[in-house]
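Shown below: data-v7.txt, with compact mmCIF, C-alpha atoms.
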```
# COMPACT_ATOMS: atom_id res chain seq x y z
CA MET D 30 0.00 0.00 0.00
CA LYS D 31 2.85 2.38 0.88
CA GLN D 32 4.48 1.72 -2.49
CA ILE D 33 1.19 2.33 -4.31
CA LEU D 34 0.73 5.72 -2.61
CA SER D 35 4.33 6.71 -3.27
CA ASN D 36 3.75 6.21 -6.99
CA TYR D 37 0.98 8.82 -6.90
CA GLN D 38 3.35 11.27 -5.21
CA LYS D 39 5.59 11.17 -8.28
CA ILE D 40 2.99 12.92 -10.44
CA GLU D 41 4.25 16.30 -11.67
CA SER D 42 3.20 19.24 -9.45
CA SER D 43 1.44 21.20 -12.20
CA THR D 44 -0.74 18.20 -13.01
CA LEU D 45 -1.51 17.75 -9.31
CA ASN D 46 -2.76 21.36 -9.26
CA LEU D 47 -5.01 20.57 -12.22
CA ILE D 48 -6.36 17.54 -10.36
CA LYS D 49 -6.98 19.67 -7.25
CA SER D 50 -8.83 22.20 -9.39
CA ASN D 51 -10.91 19.36 -10.82
CA PHE D 52 -11.67 18.08 -7.33
CA PHE D 53 -13.30 21.34 -6.18
CA LEU D 54 -15.44 21.45 -9.30
CA GLN D 55 -16.44 17.86 -8.60
CA LEU D 56 -17.80 18.94 -5.22
CA VAL D 57 -20.37 20.94 -7.16
CA THR D 58 -21.14 18.36 -9.85
CA ALA D 59 -21.31 15.51 -7.33
CA SER D 60 -23.74 17.32 -5.03
CA PHE D 61 -25.96 18.20 -7.99
CA PHE D 62 -25.89 14.59 -9.15
CA LEU D 63 -26.93 13.39 -5.71
CA ILE D 64 -29.89 15.63 -4.94
CA LEU D 65 -30.73 18.08 -7.76
CA ASN D 66 -33.26 15.72 -9.35
CA ILE D 67 -34.95 15.15 -6.01
CA TYR D 68 -34.97 18.92 -5.41
CA LEU D 69 -36.63 19.46 -8.78
CA ALA D 70 -39.15 16.69 -8.07
CA LYS D 71 -40.05 18.33 -4.75
CA ASN D 72 -40.62 21.57 -6.65
CA SER D 73 -43.40 19.86 -8.61
CA PHE D 74 -41.45 19.08 -11.77
CA THR D 75 -42.27 15.72 -13.32
CA ASP D 76 -39.64 13.08 -14.18
CA SER D 77 -40.25 13.89 -17.83
CA GLU D 78 -39.56 17.61 -17.28
CA ILE D 79 -36.43 16.84 -15.25
CA ALA D 80 -35.09 14.69 -18.06
CA ASP D 81 -35.77 17.51 -20.50
CA PHE D 82 -33.89 20.04 -18.33
CA ILE D 83 -30.85 17.79 -18.01
CA SER D 84 -30.72 17.24 -21.75
CA TYR D 85 -29.84 20.91 -22.35
CA ARG D 86 -26.61 20.56 -20.42
CA PHE D 87 -25.60 17.72 -22.70
CA LEU D 88 -26.75 19.59 -25.80
CA ALA D 89 -24.25 22.36 -25.04
CA VAL D 90 -21.39 19.88 -24.87
CA ILE D 91 -22.43 18.34 -28.19
CA LEU D 92 -22.38 21.69 -29.96
CA LEU D 93 -19.13 22.92 -28.38
CA SER D 94 -16.96 19.81 -28.20
CA PHE D 95 -16.24 19.19 -31.87
CA PRO D 96 -15.13 22.73 -32.83
CA MET D 97 -13.21 23.00 -29.57
CA GLY D 98 -11.28 19.82 -30.38
CA TYR D 99 -9.92 21.55 -33.48
CA PHE D 100 -9.39 24.90 -31.81
CA ILE D 101 -7.30 23.81 -28.81
CA ARG D 102 -4.83 21.66 -30.75
CA SER D 103 -1.28 22.92 -29.96
CA LYS D 104 -2.71 25.77 -27.84
CA ASN D 105 -2.05 26.53 -24.18
CA LEU D 106 -4.82 24.73 -22.32
CA LYS D 107 -4.62 26.82 -19.14
CA PRO D 108 -7.03 29.62 -20.25
CA PHE D 109 -9.75 27.08 -21.08
CA ILE D 110 -9.26 25.41 -17.70
CA ILE D 111 -9.51 28.74 -15.84
CA ILE D 112 -12.66 29.87 -17.69
CA GLY D 113 -14.30 26.53 -16.97
CA SER D 114 -13.36 26.68 -13.29
CA ILE D 115 -15.02 30.10 -12.96
CA GLY D 116 -18.09 29.49 -15.09
CA LEU D 117 -19.19 26.10 -13.76
CA PRO D 118 -19.85 27.11 -10.12
CA LEU D 119 -21.32 30.42 -11.32
CA SER D 120 -23.84 28.66 -13.56
CA ALA D 121 -24.61 26.20 -10.77
CA LEU D 122 -25.40 29.09 -8.41
CA ALA D 123 -27.59 30.72 -11.05
CA LEU D 124 -29.48 27.46 -11.58
CA ILE D 125 -30.45 27.04 -7.92
CA ILE D 126 -31.46 30.70 -7.60
CA THR D 127 -33.58 30.32 -10.75
CA ILE D 128 -35.37 27.26 -9.33
CA LYS D 129 -35.90 28.99 -5.98
CA GLN D 130 -37.40 32.07 -7.63
CA ASP D 131 -39.49 29.89 -9.97
CA TYR D 132 -38.07 31.44 -13.13
CA GLN D 133 -38.87 28.34 -15.16
CA THR D 134 -38.04 29.88 -18.53
CA LEU D 135 -34.40 30.34 -17.44
CA ILE D 136 -33.77 26.78 -16.26
CA ARG D 137 -32.99 25.36 -19.71
CA PRO D 138 -30.62 28.21 -20.77
CA ILE D 139 -28.67 27.91 -17.50
CA PHE D 140 -28.34 24.15 -17.90
CA PHE D 141 -27.00 24.96 -21.38
CA LEU D 142 -24.42 27.39 -19.91
CA TRP D 143 -23.39 24.75 -17.39
CA GLY D 144 -22.62 22.41 -20.29
CA ILE D 145 -20.46 25.03 -22.03
CA PHE D 146 -18.27 25.70 -18.98
CA TYR D 147 -18.06 21.99 -18.21
CA SER D 148 -16.77 21.38 -21.73
CA LEU D 149 -14.10 24.06 -21.52
CA PHE D 150 -12.64 22.44 -18.42
CA ASN D 151 -13.28 18.77 -19.02
CA ILE D 152 -12.06 18.53 -22.61
CA SER D 153 -8.72 20.04 -21.60
CA VAL D 154 -7.95 17.64 -18.75
CA LEU D 155 -6.86 14.45 -20.53
CA PRO D 156 -4.80 16.19 -23.27
CA PHE D 157 -3.05 18.19 -20.50
CA ILE D 158 -2.17 15.01 -18.64
CA MET D 159 -1.02 13.18 -21.77
CA LYS D 160 1.29 16.07 -22.68
CA ASN D 161 2.62 17.08 -19.27
CA VAL D 162 2.99 13.76 -17.44
CA SER D 163 5.78 11.25 -18.05
CA LYS D 164 4.72 7.89 -19.45
CA GLU D 165 5.53 6.01 -16.25
CA ASN D 166 3.25 8.31 -14.21
CA ARG D 167 0.45 8.60 -16.76
CA THR D 168 -1.82 5.80 -15.51
CA HIS D 169 -1.56 7.14 -11.97
CA ALA D 170 -2.37 10.70 -13.07
CA ILE D 171 -5.38 9.65 -15.16
CA THR D 172 -6.65 7.39 -12.37
CA LEU D 173 -6.33 10.17 -9.77
CA SER D 174 -8.11 12.61 -12.09
CA PHE D 175 -11.01 10.19 -12.51
CA ALA D 176 -11.08 9.60 -8.74
CA THR D 177 -11.80 13.29 -8.03
CA HIS D 178 -15.46 12.65 -8.83
CA SER D 179 -15.56 9.87 -6.25
CA PHE D 180 -13.83 11.97 -3.60
CA GLY D 181 -16.28 14.77 -4.35
CA MET D 182 -19.19 12.35 -3.92
CA ILE D 183 -17.81 11.09 -0.60
CA ILE D 184 -17.46 14.55 0.90
CA THR D 185 -20.67 16.08 -0.43
CA GLY D 186 -22.66 12.94 0.33
CA LEU D 187 -21.57 12.96 3.96
CA LEU D 188 -22.09 16.72 4.19
CA ILE D 189 -25.64 16.50 2.81
CA PHE D 190 -26.48 13.63 5.17
CA LEU D 191 -25.09 15.45 8.22
CA LEU D 192 -26.87 18.68 7.34
CA GLY D 193 -30.09 16.71 7.03
CA ALA D 194 -29.47 15.10 10.40
CA PHE D 195 -29.09 18.57 11.94
CA GLY D 196 -32.37 19.73 10.42
CA ILE D 197 -31.13 21.46 7.26
CA LYS D 198 -33.21 19.59 4.72
CA ASP D 199 -33.79 22.16 1.97
CA GLU D 200 -31.82 20.76 -0.96
CA GLY D 201 -31.64 24.18 -2.62
CA ASP D 202 -29.94 25.81 0.38
CA ILE D 203 -27.49 22.91 0.64
CA LEU D 204 -26.59 23.13 -3.05
CA LEU D 205 -26.10 26.89 -2.83
CA GLY D 206 -23.62 26.44 0.01
CA ILE D 207 -21.64 23.75 -1.80
CA CYS D 208 -21.41 25.91 -4.94
CA PHE D 209 -19.11 28.35 -3.14
CA PHE D 210 -16.54 25.61 -2.53
CA GLY D 211 -16.33 25.25 -6.31
CA PHE D 212 -14.67 28.63 -6.62
CA ILE D 213 -11.54 27.29 -4.85
CA SER D 214 -10.96 25.52 -8.17
CA VAL D 215 -10.04 28.87 -9.72
CA TYR D 216 -6.95 29.23 -7.49
CA TYR D 217 -5.48 25.86 -8.45
CA ALA D 218 -6.33 26.41 -12.12
CA SER D 219 -4.47 29.73 -12.04
CA ILE D 220 -1.18 28.19 -10.84
CA ILE D 221 -0.90 25.30 -13.30
CA VAL D 222 1.74 25.50 -16.02
CA ASP D 223 1.00 23.93 -19.39
CA GLN D 224 4.68 23.40 -20.12
CA LYS D 225 4.36 21.23 -23.21
CA SER D 226 1.97 23.61 -24.94
CA LYS D 227 4.49 26.41 -24.37
CA GLU D 228 7.07 24.45 -26.30
CA LYS D 229 6.97 24.80 -30.04
CA ARG D 230 6.04 21.49 -31.59
CA SER D 231 5.00 20.48 -35.04
CA ILE D 232 1.49 19.08 -35.25
CA ASN D 233 -0.09 17.10 -38.01
CA LEU D 234 -3.23 19.03 -38.87
CA SER D 235 -4.89 15.97 -40.39
CA VAL D 236 -7.00 13.77 -38.15
CA ASP D 237 -6.73 9.98 -38.18
CA TRP D 238 -10.48 9.44 -38.31
CA MET D 239 -10.28 5.67 -38.71
CA ARG D 240 -8.40 5.24 -35.44
CA ILE D 241 -10.66 7.72 -33.67
CA ILE D 242 -13.80 5.91 -34.87
CA GLN D 243 -12.41 2.56 -33.74
CA ALA D 244 -11.50 4.03 -30.35
CA THR D 245 -14.87 5.66 -29.76
CA ILE D 246 -17.36 2.95 -30.81
CA PRO D 247 -17.26 1.14 -27.44
CA THR D 248 -17.49 4.46 -25.59
CA LEU D 249 -20.58 5.31 -27.63
CA MET D 250 -22.37 2.11 -26.59
CA ILE D 251 -21.47 2.53 -22.93
CA ALA D 252 -22.44 6.21 -22.96
CA ILE D 253 -25.88 5.66 -24.51
CA GLY D 254 -26.65 3.04 -21.89
CA ALA D 255 -25.32 5.15 -19.06
CA GLY D 256 -27.43 8.10 -20.17
CA LEU D 257 -30.56 6.04 -19.62
CA THR D 258 -29.59 5.14 -16.07
CA ILE D 259 -26.97 7.22 -14.26
CA PRO D 260 -28.74 10.63 -14.22
CA PHE D 261 -31.93 9.01 -12.94
CA ILE D 262 -30.64 6.43 -10.46
CA ASN D 263 -31.63 8.69 -7.56
CA LEU D 264 -35.19 8.85 -8.91
CA PHE D 265 -35.21 5.03 -9.10
CA PHE D 266 -34.45 4.79 -5.38
CA PHE D 267 -36.78 7.71 -4.57
CA HIS D 268 -39.82 6.31 -6.37
CA THR D 269 -39.17 2.59 -5.83
CA PHE D 270 -37.97 2.53 -2.22
CA ASN D 271 -38.86 6.04 -0.94
CA VAL D 272 -35.17 6.90 -0.43
CA ASP D 273 -35.03 10.65 0.28
CA SER D 274 -32.21 13.04 -0.65
CA SER D 275 -30.20 12.80 2.58
CA SER D 276 -30.32 9.00 2.59
CA PHE D 277 -29.38 8.76 -1.08
CA ALA D 278 -26.55 11.25 -0.47
CA LEU D 279 -25.19 8.96 2.25
CA LEU D 280 -25.49 5.97 -0.08
CA GLY D 281 -23.75 7.93 -2.83
CA SER D 282 -21.00 8.95 -0.45
CA PHE D 283 -20.34 5.39 0.68
CA THR D 284 -20.46 4.14 -2.91
CA SER D 285 -17.94 6.76 -3.92
CA LEU D 286 -15.70 5.74 -1.04
CA LEU D 287 -15.64 2.26 -2.56
CA VAL D 288 -15.00 3.72 -6.02
CA ALA D 289 -12.15 5.91 -4.75
CA THR D 290 -10.59 3.07 -2.78
CA THR D 291 -10.68 0.62 -5.67
CA SER D 292 -9.45 3.30 -8.09
CA ILE D 293 -6.21 3.63 -6.16
CA PHE D 294 -5.38 0.05 -7.10
CA VAL D 295 -6.15 0.41 -10.82
CA PRO D 296 -2.48 0.76 -11.94
CA SER D 297 -1.51 -2.29 -9.88
CA ILE D 298 -4.42 -4.31 -11.25
CA LYS D 299 -3.42 -3.35 -14.77
CA ASN D 300 0.17 -4.47 -14.15
CA LYS D 301 -0.94 -7.77 -12.63
CA PHE D 302 -3.80 -8.86 -14.91
CA GLY D 303 -3.23 -6.85 -18.10
CA LEU D 304 -5.66 -4.61 -19.97
CA LYS D 305 -8.06 -7.28 -21.22
CA LYS D 306 -8.89 -8.85 -17.86
CA SER D 307 -8.80 -5.52 -16.00
CA ILE D 308 -11.32 -3.90 -18.35
CA ILE D 309 -13.55 -6.75 -19.55
CA ASN D 310 -14.00 -8.75 -16.35
CA THR D 311 -14.76 -5.78 -14.11
CA GLN D 312 -17.31 -4.43 -16.58
CA LEU D 313 -19.05 -7.79 -16.99
CA ILE D 314 -19.51 -8.20 -13.24
CA SER D 315 -20.76 -4.62 -13.04
CA VAL D 316 -23.41 -5.25 -15.71
CA SER D 317 -24.57 -8.35 -13.83
CA ALA D 318 -25.01 -6.22 -10.70
CA LEU D 319 -27.04 -3.64 -12.67
CA ILE D 320 -29.39 -6.37 -13.94
CA LEU D 321 -29.92 -7.63 -10.41
CA LEU D 322 -30.40 -4.08 -9.11
CA SER D 323 -33.11 -3.50 -11.72
CA THR D 324 -34.86 -6.70 -10.71
CA THR D 325 -35.23 -5.63 -7.07
CA ALA D 326 -37.97 -3.19 -8.14
CA PHE D 327 -40.31 -6.14 -8.70
CA PHE D 328 -39.99 -7.03 -5.01
CA ASN D 329 -40.24 -3.55 -3.47
CA GLN D 330 -43.28 -4.61 -1.47
CA TYR D 331 -40.91 -6.69 0.67
CA SER D 332 -38.81 -4.82 3.23
CA PHE D 333 -35.67 -6.83 2.42
CA ALA D 334 -35.62 -5.70 -1.24
CA ILE D 335 -34.05 -2.35 -0.42
CA PHE D 336 -31.03 -4.09 1.12
CA PHE D 337 -30.45 -6.11 -2.04
CA ALA D 338 -30.87 -2.97 -4.16
CA VAL D 339 -28.27 -1.14 -2.10
CA PHE D 340 -25.90 -4.11 -2.23
CA PHE D 341 -26.06 -4.43 -6.02
CA TYR D 342 -25.67 -0.65 -6.38
CA LEU D 343 -22.54 -0.80 -4.23
CA VAL D 344 -21.14 -3.60 -6.38
CA ARG D 345 -21.96 -2.01 -9.74
CA ALA D 346 -20.42 1.43 -9.34
CA PRO D 347 -16.82 0.61 -8.28
CA LEU D 348 -16.35 -2.09 -10.89
CA MET D 349 -17.64 -0.03 -13.81
CA ASN D 350 -15.61 2.99 -12.72
CA MET D 351 -12.39 0.99 -12.32
CA ALA D 352 -12.23 0.44 -16.06
CA ALA D 353 -12.70 4.11 -17.03
CA PRO D 354 -9.10 5.34 -16.51
CA LEU D 355 -7.75 2.30 -18.34
CA THR D 356 -10.06 2.67 -21.33
CA SER D 357 -9.18 6.39 -21.52
CA GLU D 358 -5.46 5.73 -21.47
CA LEU D 359 -5.88 2.87 -23.94
CA THR D 360 -7.75 4.97 -26.50
CA MET D 361 -5.49 8.01 -26.05
CA GLU D 362 -2.40 5.95 -26.78
CA TYR D 363 -4.11 4.19 -29.68
CA VAL D 364 -4.97 7.38 -31.58
CA GLY D 365 -1.51 8.96 -31.16
CA ASP D 366 -0.23 12.31 -29.85
CA ASP D 367 -1.63 14.49 -32.64
CA ASN D 368 -5.17 13.26 -32.04
CA HIS D 369 -5.41 13.63 -28.24
CA GLU D 370 -7.40 16.89 -28.22
CA MET D 371 -9.75 15.70 -30.94
CA LEU D 372 -10.35 12.37 -29.21
CA SER D 373 -10.96 14.11 -25.88
CA ALA D 374 -13.46 16.47 -27.55
CA ILE D 375 -15.24 13.66 -29.39
CA VAL D 376 -15.43 11.46 -26.28
CA SER D 377 -16.89 14.40 -24.37
CA ALA D 378 -19.36 15.00 -27.19
CA ILE D 379 -20.23 11.30 -27.26
CA TRP D 380 -20.95 11.18 -23.55
CA SER D 381 -22.97 14.37 -23.56
CA GLY D 382 -24.58 13.63 -26.92
CA SER D 383 -25.54 10.17 -25.85
CA TRP D 384 -26.85 11.44 -22.53
CA PHE D 385 -28.76 14.18 -24.37
CA PHE D 386 -30.48 11.70 -26.66
CA SER D 387 -30.76 9.17 -23.85
CA SER D 388 -32.53 11.79 -21.73
CA LYS D 389 -34.97 12.33 -24.59
CA ILE D 390 -35.39 8.56 -24.97
CA PHE D 391 -35.85 8.23 -21.21
CA LYS D 392 -38.57 10.91 -21.39
CA ILE D 393 -40.35 9.00 -24.17
CA LEU D 394 -40.06 5.69 -22.33
CA ILE D 395 -41.35 7.16 -19.06
CA ASP D 396 -44.22 8.86 -20.90
CA ASN D 397 -45.08 5.48 -22.41
CA SER D 398 -45.20 3.81 -18.99
CA TYR D 399 -41.90 1.92 -19.16
CA SER D 400 -40.68 1.04 -15.68
CA TYR D 401 -37.23 1.95 -14.37
CA SER D 402 -36.34 -1.73 -14.41
CA GLN D 403 -37.16 -2.08 -18.11
CA ILE D 404 -35.07 1.00 -18.91
CA PHE D 405 -32.15 -0.31 -16.86
CA TYR D 406 -32.35 -3.65 -18.70
CA ILE D 407 -31.92 -1.72 -21.97
CA THR D 408 -28.84 -0.09 -20.44
CA SER D 409 -27.42 -3.53 -19.59
CA ILE D 410 -27.79 -4.69 -23.20
CA LEU D 411 -26.01 -1.58 -24.49
CA TYR D 412 -23.24 -2.06 -21.93
CA LEU D 413 -22.68 -5.63 -23.14
CA ILE D 414 -22.37 -4.41 -26.74
CA GLY D 415 -19.83 -1.80 -25.61
CA ILE D 416 -17.81 -4.40 -23.71
CA LEU D 417 -17.68 -6.57 -26.83
CA PHE D 418 -16.25 -3.66 -28.83
CA TYR D 419 -13.66 -2.96 -26.11
CA TYR D 420 -12.64 -6.61 -26.33
CA LEU D 421 -12.21 -6.31 -30.10
CA LEU D 422 -10.22 -3.08 -29.72
CA ILE D 423 -7.86 -4.62 -27.19
CA LYS D 424 -7.29 -7.59 -29.50
CA LYS D 425 -6.54 -5.19 -32.34
CA ILE D 426 -3.98 -3.28 -30.27
CA LYS D 427 -2.29 -6.46 -29.10
CA ASN D 428 -2.01 -7.63 -32.70
```
Transcribe the structure of this file into structure tokens.
Amino acid sequence: MKQILSNYQKIESSTLNLIKSNFFLQLVTASFFLILNIYLAKNSFTDSEIADFISYRFLAVILLSFPMGYFIRSKNLKPFIIIGSIGLPLSALALIITIKQDYQTLIRPIFFLWGIFYSLFNISVLPFIMKNVSKENRTHAITLSFATHSFGMIITGLLIFLLGAFGIKDEGDILLGICFFGFISVYYASIIVDQKSKEKRSINLSVDWMRIIQATIPTLMIAIGAGLTIPFINLFFFHTFNVDSSSFALLGSFTSLLVATTSIFVPSIKNKFGLKKSIINTQLISVSALILLSTTAFFNQYSFAIFFAVFFYLVRAPLMNMAAPLTSELTMEYVGDDNHEMLSAIVSAIWSGSWFFSSKIFKILIDNSYSYSQIFYITSILYLIGILFYYLLIKKIKN
């Protein structure tokens, strides 16, 4: 364990500042993931309307990601990171104030702004790491960057639960308070140094579209499935088992603790079992847990069903998240140095685009009386298709 932690300490200081900046933004995004939907539901918005609101955040990323992938190639990434670190907590604050004041016409535009600022920051992270971190430290840096979301979930989940225990139960007030922590991100963003982008380097302006397409097909399948499930998992627990915001926040916090803990061991698992077993096996077990989680809804009349639902949720999340840093590093290396920014932009567009269309599909399915379990089963099928494509990609790389 000591050796594992010492490897993380070798990550270059500028990249560590980027990861710290990301962490404070994740406090905002994690808290909104945990309880924003429930807050909207308590403000008399239907599940269908909530799905529609969320889709505008993803729409912004779709529209911005592709042109940004071209624009930031060979440019200093620091300004994009700083703008994103300022704009994301600002738009989050504006969103809660808008909901509180019942300015319903502004909710969609502010979700759209959130997506723009998220893109500016998020698209820059992986290319920055790939350029500024030595090859031997790269897996650790990417893993730690991915883990910031989990650490954010742990802290905000516990904070929301404790505030609820002390009688502060208004989700809007809680989210407003957490938004201010997001501004600490600006300090760490301001002191990073994008050293490699400062160096003059030749860049091939052509894009290797064949490699990019091959690298993104499995991501597309996983993302479409995730878009049908992840943004609405809190509503599944809320409607199926009457799990309120503070309780789900605690569950999310504990789940993220498991995700963060297992993430630390990702580089060691990769070294021991190789890419194929590390990615494929963990994802397959995770999909099995999602299927079982979905099935618990048919037994919600029994008091024991909630315990099984929680158990399968706790199994699913860490295993699926363990593969994410490895698949990101795998695809980044596969497409080559000149395609990092474009791949990062396209992957971001895929995730947001898929979640945008998945939110619309979710709305249609809910309006047509599909149950959460049926929707989650569709997600499982899409996950399995994505895993198959990852398997084929790994075989191609090994050959």
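Take CA of Phe146 in chain D and CA of Tyr85 in chain D: the distance between them is 13.0 Å.
CA of Ser174 in chain D to CA of Leu249 in chain D spans 21.2 Å [interatomic distance, one decimal].
Among the candidates D:Ile404, D:His178, D:Gly196, D:Lys424, the residue lying nearest to Asn350 in chain D is D:His178 (atoms considered: only C-alpha atoms).
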My list of candidates is D:Thr168, D:Ser332, D:Ala378, D:Thr185. Which is closest to Ala252 in chain D when distances are computed with only C-alpha atoms? D:Ala378
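Residues in contact range of range 256-271 of chain D, defined as at most 6 Å between only C-alpha atoms, with sequence neighbours fewer than 5 positions away removed, read Trp384, Ser387 and Phe391 of chain D.
Near (-19.7, 12.9, 3.7), the residues inside the 10 Å limit, counting only C-alpha atoms, come to Phe180, Gly181, Met182, Ile183, Ile184, Thr185, Gly186, Leu187, Leu188, Ile189, Phe190, Leu191, Leu192, Ala278, Leu279, Leu280, Gly281, Ser282, Phe283, Ser285 and Leu286 of chain D.
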Looking at D:Ala289, D:Leu93, D:Ile125, D:Leu355, which one is nearest to Arg167 in chain D, with distances taken over all atoms listed in the file? D:Leu355
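If you look at CA of Ile242 in chain D and CA of Glu358 in chain D, they are 15.8 Å away from each other.
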How would range 290-297 of chain D look with all heavy atoms restored, written as a compact mmCIF listing (two decimals), in the coordinates of the input?
```txt
# COMPACT_ATOMS: atom_id res chain seq x y z
N THR D 290 -11.52 4.05 -3.34
CA THR D 290 -10.59 3.07 -2.78
C THR D 290 -10.12 2.09 -3.85
O THR D 290 -8.92 1.80 -3.97
CB THR D 290 -11.26 2.30 -1.62
OG1 THR D 290 -11.69 3.23 -0.63
CG2 THR D 290 -10.28 1.31 -1.01
N THR D 291 -11.07 1.57 -4.63
CA THR D 291 -10.68 0.62 -5.67
C THR D 291 -9.89 1.30 -6.79
O THR D 291 -9.00 0.68 -7.39
CB THR D 291 -11.93 -0.06 -6.27
OG1 THR D 291 -12.86 0.95 -6.71
CG2 THR D 291 -12.61 -0.94 -5.25
N SER D 292 -10.17 2.58 -7.03
CA SER D 292 -9.45 3.30 -8.09
C SER D 292 -7.96 3.40 -7.81
O SER D 292 -7.13 3.38 -8.73
CB SER D 292 -10.03 4.71 -8.26
OG SER D 292 -11.35 4.67 -8.73
N ILE D 293 -7.61 3.52 -6.54
CA ILE D 293 -6.21 3.63 -6.16
C ILE D 293 -5.41 2.43 -6.66
O ILE D 293 -4.23 2.54 -7.02
CB ILE D 293 -6.07 3.76 -4.63
CG1 ILE D 293 -6.66 5.11 -4.17
CG2 ILE D 293 -4.62 3.63 -4.18
CD1 ILE D 293 -6.74 5.26 -2.67
N PHE D 294 -6.07 1.28 -6.73
CA PHE D 294 -5.38 0.05 -7.10
C PHE D 294 -5.41 -0.24 -8.60
O PHE D 294 -4.89 -1.27 -9.03
CB PHE D 294 -5.98 -1.14 -6.33
CG PHE D 294 -5.83 -1.05 -4.85
CD1 PHE D 294 -6.84 -0.53 -4.05
CD2 PHE D 294 -4.65 -1.46 -4.24
CE1 PHE D 294 -6.70 -0.43 -2.68
CE2 PHE D 294 -4.48 -1.37 -2.86
CZ PHE D 294 -5.51 -0.85 -2.08
N VAL D 295 -6.02 0.65 -9.39
CA VAL D 295 -6.15 0.41 -10.82
C VAL D 295 -4.81 0.17 -11.51
O VAL D 295 -4.65 -0.79 -12.27
CB VAL D 295 -6.93 1.55 -11.51
CG1 VAL D 295 -6.77 1.49 -13.03
CG2 VAL D 295 -8.41 1.46 -11.15
N PRO D 296 -3.77 1.03 -11.28
CA PRO D 296 -2.48 0.76 -11.94
C PRO D 296 -1.89 -0.59 -11.58
O PRO D 296 -1.32 -1.29 -12.44
CB PRO D 296 -1.59 1.91 -11.44
CG PRO D 296 -2.54 3.00 -11.08
CD PRO D 296 -3.75 2.30 -10.53
N SER D 297 -2.04 -0.99 -10.31
CA SER D 297 -1.51 -2.29 -9.88
C SER D 297 -2.28 -3.43 -10.51
O SER D 297 -1.69 -4.45 -10.92
CB SER D 297 -1.57 -2.41 -8.35
OG SER D 297 -0.82 -1.39 -7.73
```
